[in-house]
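Below: input15.txt (compact mmCIF, C-alpha atoms and all ligand atoms)
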# COMPACT_ATOMS: atom_id res chain seq x y z
CA MET A 47 15.92 -15.23 -24.50
CA SER A 48 17.10 -17.99 -22.21
CA PHE A 49 18.96 -17.28 -19.00
CA PRO A 50 20.71 -19.53 -16.52
CA GLU A 51 18.74 -20.38 -13.38
CA LEU A 52 19.63 -17.74 -10.80
CA GLU A 53 19.19 -17.61 -7.04
CA LEU A 54 20.12 -14.52 -5.03
CA ILE A 55 20.43 -15.06 -1.30
CA TYR A 56 20.30 -12.03 1.00
CA PHE A 57 18.49 -10.69 4.04
CA ALA A 58 14.91 -9.39 3.81
CA ALA A 59 16.36 -5.89 3.46
CA PRO A 60 17.43 -3.68 0.57
CA GLY A 61 21.15 -3.23 1.39
CA ARG A 62 23.59 -4.73 -1.07
CA ALA A 63 20.88 -6.79 -2.79
CA ARG A 64 18.72 -3.90 -3.93
CA PRO A 65 20.70 -2.79 -6.99
CA ILE A 66 21.14 -6.45 -7.99
CA ARG A 67 17.40 -7.14 -7.67
CA LEU A 68 16.60 -3.97 -9.65
CA VAL A 69 18.98 -4.86 -12.49
CA LEU A 70 17.41 -8.35 -12.72
CA GLU A 71 13.90 -6.91 -12.69
CA ILE A 72 14.65 -4.22 -15.30
CA GLY A 73 16.31 -6.91 -17.46
CA LYS A 74 13.23 -9.15 -17.03
CA ILE A 75 15.54 -11.95 -15.88
CA PRO A 76 13.76 -14.55 -13.75
CA PHE A 77 15.48 -15.27 -10.42
CA LYS A 78 14.76 -16.83 -7.07
CA ASP A 79 14.88 -14.00 -4.54
CA THR A 80 15.71 -15.87 -1.33
CA ARG A 81 15.39 -13.55 1.67
CA VAL A 82 16.82 -15.14 4.80
CA THR A 83 16.23 -14.41 8.48
CA LYS A 84 19.18 -14.03 10.88
CA GLU A 85 18.53 -17.65 11.98
CA GLU A 86 18.59 -18.94 8.40
CA PHE A 87 21.78 -16.93 7.81
CA GLY A 88 23.30 -18.70 10.85
CA ALA A 89 22.28 -22.08 9.44
CA LEU A 90 23.92 -21.29 6.06
CA LEU A 91 27.06 -20.21 7.94
CA GLN A 92 27.11 -23.49 9.88
CA ALA A 93 26.61 -25.46 6.67
CA GLY A 94 29.70 -23.78 5.16
CA GLU A 95 27.67 -22.15 2.37
CA LEU A 96 28.99 -18.61 2.98
CA PRO A 97 32.69 -18.59 2.05
CA LEU A 98 33.20 -15.02 3.31
CA GLN A 99 30.58 -15.39 6.06
CA THR A 100 28.50 -12.74 4.28
CA VAL A 101 25.59 -12.35 1.89
CA PRO A 102 24.71 -11.67 -0.92
CA ILE A 103 25.40 -15.03 -2.53
CA LEU A 104 24.57 -15.80 -6.14
CA LYS A 105 23.91 -19.34 -7.29
CA VAL A 106 23.84 -20.13 -11.00
CA ASP A 107 22.17 -23.35 -12.14
CA GLY A 108 22.09 -24.53 -8.53
CA LYS A 109 25.81 -24.00 -7.91
CA PHE A 110 27.64 -21.34 -5.92
CA ALA A 111 28.83 -18.56 -8.26
CA SER A 112 29.83 -15.52 -6.15
CA SER A 113 29.86 -14.02 -2.69
CA GLN A 114 30.85 -10.50 -3.74
CA SER A 115 28.12 -8.02 -4.57
CA GLY A 116 30.43 -6.20 -7.00
CA ALA A 117 30.96 -9.36 -9.04
CA ILE A 118 27.28 -10.29 -8.86
CA ILE A 119 25.99 -6.94 -10.10
CA ARG A 120 28.44 -6.84 -13.01
CA PHE A 121 27.42 -10.40 -13.94
CA VAL A 122 23.68 -9.72 -13.85
CA ALA A 123 24.20 -6.40 -15.65
CA ALA A 124 25.95 -8.29 -18.46
CA LEU A 125 22.98 -10.69 -18.67
CA ALA A 126 20.54 -7.75 -18.68
CA GLY A 127 22.47 -5.73 -21.28
CA LEU A 128 23.07 -3.02 -18.67
CA GLN A 129 26.87 -3.35 -18.50
CA LEU A 130 29.34 -0.54 -19.15
CA THR A 131 30.36 -0.73 -22.78
CA GLY A 132 33.46 0.99 -24.11
CA ALA A 133 36.55 2.40 -22.41
CA THR A 134 35.12 5.85 -21.65
CA ALA A 135 31.94 4.39 -20.16
CA VAL A 136 34.05 2.08 -17.99
CA VAL A 137 36.35 4.78 -16.58
CA ARG A 138 33.48 7.21 -15.99
CA GLY A 139 31.12 4.61 -14.53
CA GLU A 140 33.64 2.77 -12.36
CA ASP A 141 34.96 6.06 -10.91
CA ILE A 142 31.40 6.87 -9.84
CA VAL A 143 30.88 3.38 -8.37
CA ALA A 144 34.13 3.58 -6.36
CA THR A 145 33.10 7.03 -5.08
CA LEU A 146 29.69 5.67 -4.03
CA GLU A 147 31.54 2.93 -2.10
CA ASP A 148 33.52 5.72 -0.36
CA ILE A 149 30.20 7.33 0.60
CA LEU A 150 29.00 3.98 1.97
CA GLY A 151 32.21 3.65 4.04
CA LEU A 152 31.55 7.05 5.65
CA TRP A 153 27.89 6.29 6.19
CA VAL A 154 28.76 3.01 8.00
CA LYS A 155 30.93 5.05 10.41
CA TYR A 156 28.01 7.41 11.06
CA PHE A 157 25.55 4.54 11.41
CA SER A 158 27.72 2.65 13.90
CA SER A 159 28.44 5.70 16.06
CA SER A 160 27.27 5.80 19.69
CA GLU A 161 23.83 7.21 20.54
CA GLU A 162 25.45 10.39 21.96
CA GLU A 163 27.39 11.05 18.77
CA LYS A 164 24.85 9.85 16.24
CA GLU A 165 23.10 13.15 15.55
CA LYS A 166 26.33 15.16 15.27
CA ASN A 167 27.90 12.51 13.01
CA GLY A 168 24.73 12.35 10.92
CA ILE A 169 24.82 16.13 10.38
CA ASP A 170 28.54 15.91 9.46
CA PHE A 171 27.74 13.15 6.96
CA VAL A 172 24.91 15.14 5.35
CA GLU A 173 26.66 18.52 5.33
CA SER A 174 30.24 17.56 4.69
CA GLY A 175 31.02 13.85 3.95
CA PHE A 176 28.29 13.13 1.40
CA PRO A 177 28.77 16.48 -0.43
CA PHE A 178 32.55 15.96 -0.62
CA TYR A 179 32.05 12.82 -2.70
CA ALA A 180 28.88 13.95 -4.48
CA LYS A 181 30.76 17.00 -5.79
CA HIS A 182 33.22 14.65 -7.47
CA ILE A 183 30.39 12.61 -9.01
CA GLU A 184 28.73 15.83 -10.18
CA SER A 185 31.93 16.90 -11.94
CA ILE A 186 32.23 13.54 -13.75
CA LEU A 187 28.63 13.99 -14.91
CA GLY A 188 29.55 17.49 -16.06
CA ASN A 189 32.08 16.01 -18.52
CA ARG A 190 29.48 13.95 -20.38
CA GLN A 191 29.22 14.48 -24.12
CA HIS A 192 25.53 13.61 -24.35
CA GLU A 193 22.28 15.28 -23.32
CA GLY A 194 20.47 12.34 -21.67
CA PRO A 195 20.01 11.95 -17.91
CA PHE A 196 22.14 8.82 -17.40
CA VAL A 197 25.87 8.45 -16.70
CA ASN A 198 26.39 7.14 -20.23
CA GLU A 199 24.16 7.53 -23.27
CA LYS A 200 22.26 4.40 -22.41
CA LEU A 201 21.02 3.18 -19.01
CA SER A 202 23.60 1.04 -17.17
CA TRP A 203 23.84 -0.62 -13.77
CA VAL A 204 25.83 2.41 -12.55
CA ASP A 205 22.72 4.61 -12.79
CA ILE A 206 20.87 2.06 -10.66
CA TYR A 207 23.75 2.02 -8.16
CA MET A 208 23.57 5.83 -7.93
CA TYR A 209 19.83 5.66 -7.31
CA CYS A 210 20.29 3.15 -4.47
CA PHE A 211 23.27 4.86 -2.82
CA ALA A 212 21.73 8.36 -3.02
CA GLU A 213 19.29 7.21 -0.36
CA LEU A 214 22.13 7.13 2.18
CA GLY A 215 22.25 10.93 1.92
CA VAL A 216 18.51 11.50 1.55
CA ASP A 217 17.46 9.22 4.43
CA THR A 218 20.21 10.43 6.80
CA ALA A 219 19.17 14.04 6.11
CA LYS A 220 15.61 13.14 7.09
CA ALA A 221 16.87 11.43 10.26
CA VAL A 222 18.72 14.57 11.39
CA ASN A 223 16.14 17.07 10.07
CA LYS A 224 18.34 18.59 7.41
CA GLU A 225 17.76 19.42 3.76
CA SER A 226 18.57 16.61 1.29
CA PRO A 227 22.23 16.94 0.23
CA LEU A 228 21.17 15.94 -3.31
CA LEU A 229 19.56 19.38 -3.80
CA LYS A 230 23.03 20.83 -4.35
CA PHE A 231 23.87 18.29 -7.07
CA PRO A 232 21.36 18.64 -9.91
CA ARG A 233 23.03 16.21 -12.33
CA PHE A 234 23.26 13.49 -9.66
CA ALA A 235 19.63 14.21 -8.68
CA ALA A 236 18.54 13.96 -12.34
CA VAL A 237 20.04 10.45 -12.62
CA VAL A 238 18.18 9.43 -9.45
CA LYS A 239 14.90 10.87 -10.77
CA ALA A 240 15.28 9.18 -14.18
CA VAL A 241 15.93 5.79 -12.54
CA SER A 242 13.01 6.23 -10.13
CA GLU A 243 10.71 6.62 -13.17
CA ILE A 244 11.66 3.25 -14.71
CA PRO A 245 8.47 1.14 -14.27
CA GLU A 246 10.27 -1.84 -12.67
CA VAL A 247 11.94 0.52 -10.18
CA ALA A 248 8.68 2.26 -9.33
CA ALA A 249 7.03 -1.16 -8.80
CA HIS A 250 9.93 -2.69 -6.83
CA GLN A 251 9.23 -4.06 -3.36
N1 LIG B 1 32.26 -7.39 0.18
C1 LIG B 1 31.01 -8.01 0.44
C2 LIG B 1 30.45 -7.51 1.77
C3 LIG B 1 29.14 -8.14 2.06
C4 LIG B 1 28.64 -7.83 3.45
O1 LIG B 1 29.30 -7.14 4.26
N2 LIG B 1 27.46 -8.35 3.75
C5 LIG B 1 26.83 -8.12 5.04
C6 LIG B 1 25.40 -7.65 4.83
S1 LIG B 1 25.34 -6.17 3.85
C7 LIG B 1 26.78 -9.41 5.81
O2 LIG B 1 26.53 -10.46 5.26
N3 LIG B 1 27.02 -9.31 7.12
C8 LIG B 1 27.02 -10.45 7.99
C9 LIG B 1 26.06 -10.32 9.12
O3 LIG B 1 25.19 -9.44 9.08
O4 LIG B 1 26.18 -11.12 10.06
C10 LIG B 1 30.06 -7.70 -0.71
O5 LIG B 1 30.05 -6.56 -1.18
O6 LIG B 1 29.35 -8.61 -1.13
Using structure tokens, write down the structure from this file.
Amino acid sequence: MSFPELELIYFAAPGRARPIRLVLEIGKIPFKDTRVTKEEFGALLQAGELPLQTVPILKVDGKFASSQSGAIIRFVAALAGLQLTGATAVVRGEDIVATLEDILGLWVKYFSSSEEEKEKNGIDFVESGFPFYAKHIESILGNRQHEGPFVNEKLSWVDIYMYCFAELGVDTAKAVNKESPLLKFPRFAAVVKAVSEIPEVAAHQ
């Protein structure tokens, strides 16, 4: 199969690039994984190569294609055959993705809180914020009409998104010495486990 020439530009961190990198790796799609330092990011900014002053950036065949991670992941998922197919898959999957973005919004508030408030806000996130949204995701998963572990019958980029975003809860719980909030959501946890067992995910760096 032939693919366009892809370059993903992001920091040397998982962040918003991780689900994109994983989808490309699972799809066996070659790409240039450009990981920039803060200085290199500044140089790209100066050169006018970051239209929204943010990364990730995707270049296709050497030309700018997108500066929105949501657009990039849907594009690479379509190339990898990991897109949401069919109306029910779209409404179920996109509801989960939007809810994961809500979780990220809350987590950013916790993460940017002052040193004095950090522990208390972390505990609130693990015991109340994350579970509020995870309960909703769990109920969507409860409405599935199939027996497999994934959101839809077949693996899609949404499962990979869930795997990446679940770490916000798991890692914050570790940071504040609390139990993982995923333990209360067995269907969500089963998606995360199934994705973690995909060879490309297990081998990802
Ligand atoms: N809506 C954008 C947001 C991207 C974004 O906020 N990127 C952050 C890194 S995760 C960034 O480039 N921040 C600029 C900086 O760190 O100076 C997307 O999802 O792609």
Starting from the point (34.7, 7.3, -10.0), work out which residues of protein, DNA or RNA have an atom no more than 12 Å away when counting only C-alpha atoms; state them as a ChimeraX atom specification. /A:134-149,179-187,197,204,208
May I have the residues at most 12 Å from (26.6, -18.9, 5.0) in the file's coordinates, counting only C-alpha atoms, as a PDB file with C-alpha atoms, in the frame of the given file?
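File out_29.pdb, as written:
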ATOM      1  CA  ILE A  55      20.430 -15.060  -1.300  1.00  0.00           C
ATOM      2  CA  TYR A  56      20.300 -12.030   1.000  1.00  0.00           C
ATOM      3  CA  PHE A  57      18.490 -10.690   4.040  1.00  0.00           C
ATOM      4  CA  VAL A  82      16.820 -15.140   4.800  1.00  0.00           C
ATOM      5  CA  THR A  83      16.230 -14.410   8.480  1.00  0.00           C
ATOM      6  CA  LYS A  84      19.180 -14.030  10.880  1.00  0.00           C
ATOM      7  CA  GLU A  85      18.530 -17.650  11.980  1.00  0.00           C
ATOM      8  CA  GLU A  86      18.590 -18.940   8.400  1.00  0.00           C
ATOM      9  CA  PHE A  87      21.780 -16.930   7.810  1.00  0.00           C
ATOM     10  CA  GLY A  88      23.300 -18.700  10.850  1.00  0.00           C
ATOM     11  CA  ALA A  89      22.280 -22.080   9.440  1.00  0.00           C
ATOM     12  CA  LEU A  90      23.920 -21.290   6.060  1.00  0.00           C
ATOM     13  CA  LEU A  91      27.060 -20.210   7.940  1.00  0.00           C
ATOM     14  CA  GLN A  92      27.110 -23.490   9.880  1.00  0.00           C
ATOM     15  CA  ALA A  93      26.610 -25.460   6.670  1.00  0.00           C
ATOM     16  CA  GLY A  94      29.700 -23.780   5.160  1.00  0.00           C
ATOM     17  CA  GLU A  95      27.670 -22.150   2.370  1.00  0.00           C
ATOM     18  CA  LEU A  96      28.990 -18.610   2.980  1.00  0.00           C
ATOM     19  CA  PRO A  97      32.690 -18.590   2.050  1.00  0.00           C
ATOM     20  CA  LEU A  98      33.200 -15.020   3.310  1.00  0.00           C
ATOM     21  CA  GLN A  99      30.580 -15.390   6.060  1.00  0.00           C
ATOM     22  CA  THR A 100      28.500 -12.740   4.280  1.00  0.00           C
ATOM     23  CA  VAL A 101      25.590 -12.350   1.890  1.00  0.00           C
ATOM     24  CA  PRO A 102      24.710 -11.670  -0.920  1.00  0.00           C
ATOM     25  CA  ILE A 103      25.400 -15.030  -2.530  1.00  0.00           C
ATOM     26  CA  LEU A 104      24.570 -15.800  -6.140  1.00  0.00           C
ATOM     27  CA  PHE A 110      27.640 -21.340  -5.920  1.00  0.00           C
ATOM     28  CA  SER A 113      29.860 -14.020  -2.690  1.00  0.00           C
TER      29      SER A 113
END
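For the atom pair formed by CA of Pro195 (chain A) and CA of Val241 (chain A), the distance is 9.1 Å, given to one decimal.
Coordinates place CA of Pro50 (chain A) at a distance of 18.2 Å from CA of Ser115 (chain A).
Checking A:Gly151, A:Val216, A:Gly132, A:Lys230 one by one against Pro177 (chain A), counting only C-alpha atoms, you find the shortest gap at A:Lys230.
Considering the residues A:Glu213, A:Lys224, A:Lys166, A:Ala219 and counting all atoms listed in the file, Val238 (chain A) has its shortest atom-to-atom contact with A:Glu213.
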Spatial neighbours of Ser242 (chain A), max dist 12 Å, all atoms listed in the file, sep filter under 6 positions, as a CSV table (one decimal) with C-alpha atoms, keeping the file's coordinate frame:
chain,number,residue,atom,x,y,z
A,68,LEU,CA,16.6,-4.0,-9.6
A,72,ILE,CA,14.6,-4.2,-15.3
A,195,PRO,CA,20.0,12.0,-17.9
A,196,PHE,CA,22.1,8.8,-17.4
A,205,ASP,CA,22.7,4.6,-12.8
A,206,ILE,CA,20.9,2.1,-10.7
A,207,TYR,CA,23.8,2.0,-8.2
A,208,MET,CA,23.6,5.8,-7.9
A,209,TYR,CA,19.8,5.7,-7.3
A,210,CYS,CA,20.3,3.2,-4.5
A,212,ALA,CA,21.7,8.4,-3.0
A,213,GLU,CA,19.3,7.2,-0.4
A,235,ALA,CA,19.6,14.2,-8.7
A,236,ALA,CA,18.5,14.0,-12.3
A,248,ALA,CA,8.7,2.3,-9.3
A,249,ALA,CA,7.0,-1.2,-8.8
A,250,HIS,CA,9.9,-2.7,-6.8
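The gap separating CA of Trp203 (chain A) from CA of Pro76 (chain A) is 17.2 Å, in Å to one decimal.
Shortest atom-to-atom contact with Arg81 (chain A) among A:Leu128, A:Ala123, A:Ala63, A:Met47: A:Ala63, counting only C-alpha atoms.
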Leaving out Phe49 (chain A) and any residue of its chain fewer than 4 positions from it, which residues lie within 12 Å of it when counting only C-alpha atoms, given as a ChimeraX atom specification? /A:53,70,73-77,106-107,122,124-126
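Checking A:Ser48, A:Asn167, A:Ser158, A:Ser112 one by one against ligand LIG 1 (chain B), counting only C-alpha atoms and all ligand atoms, you find the shortest gap at A:Ser112.
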Might you pull out every residue within 10 Å of Gly168 (chain A), with only C-alpha atoms counted and same-chain residues fewer than 6 positions away left off, and present them as a list in words? Trp153, Lys155, Tyr156, Phe157, Ser159, Ser174, Gly175, Gly215, Thr218, Ala219, Lys220, Ala221, Val222, Asn223 and Lys224 of chain A
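The shortest atom-to-atom distance to Asn189 (chain A), with all atoms listed in the file taken into account, belongs to A:Arg233 out of A:Arg64, A:Leu152, A:Arg233, A:Ser160.
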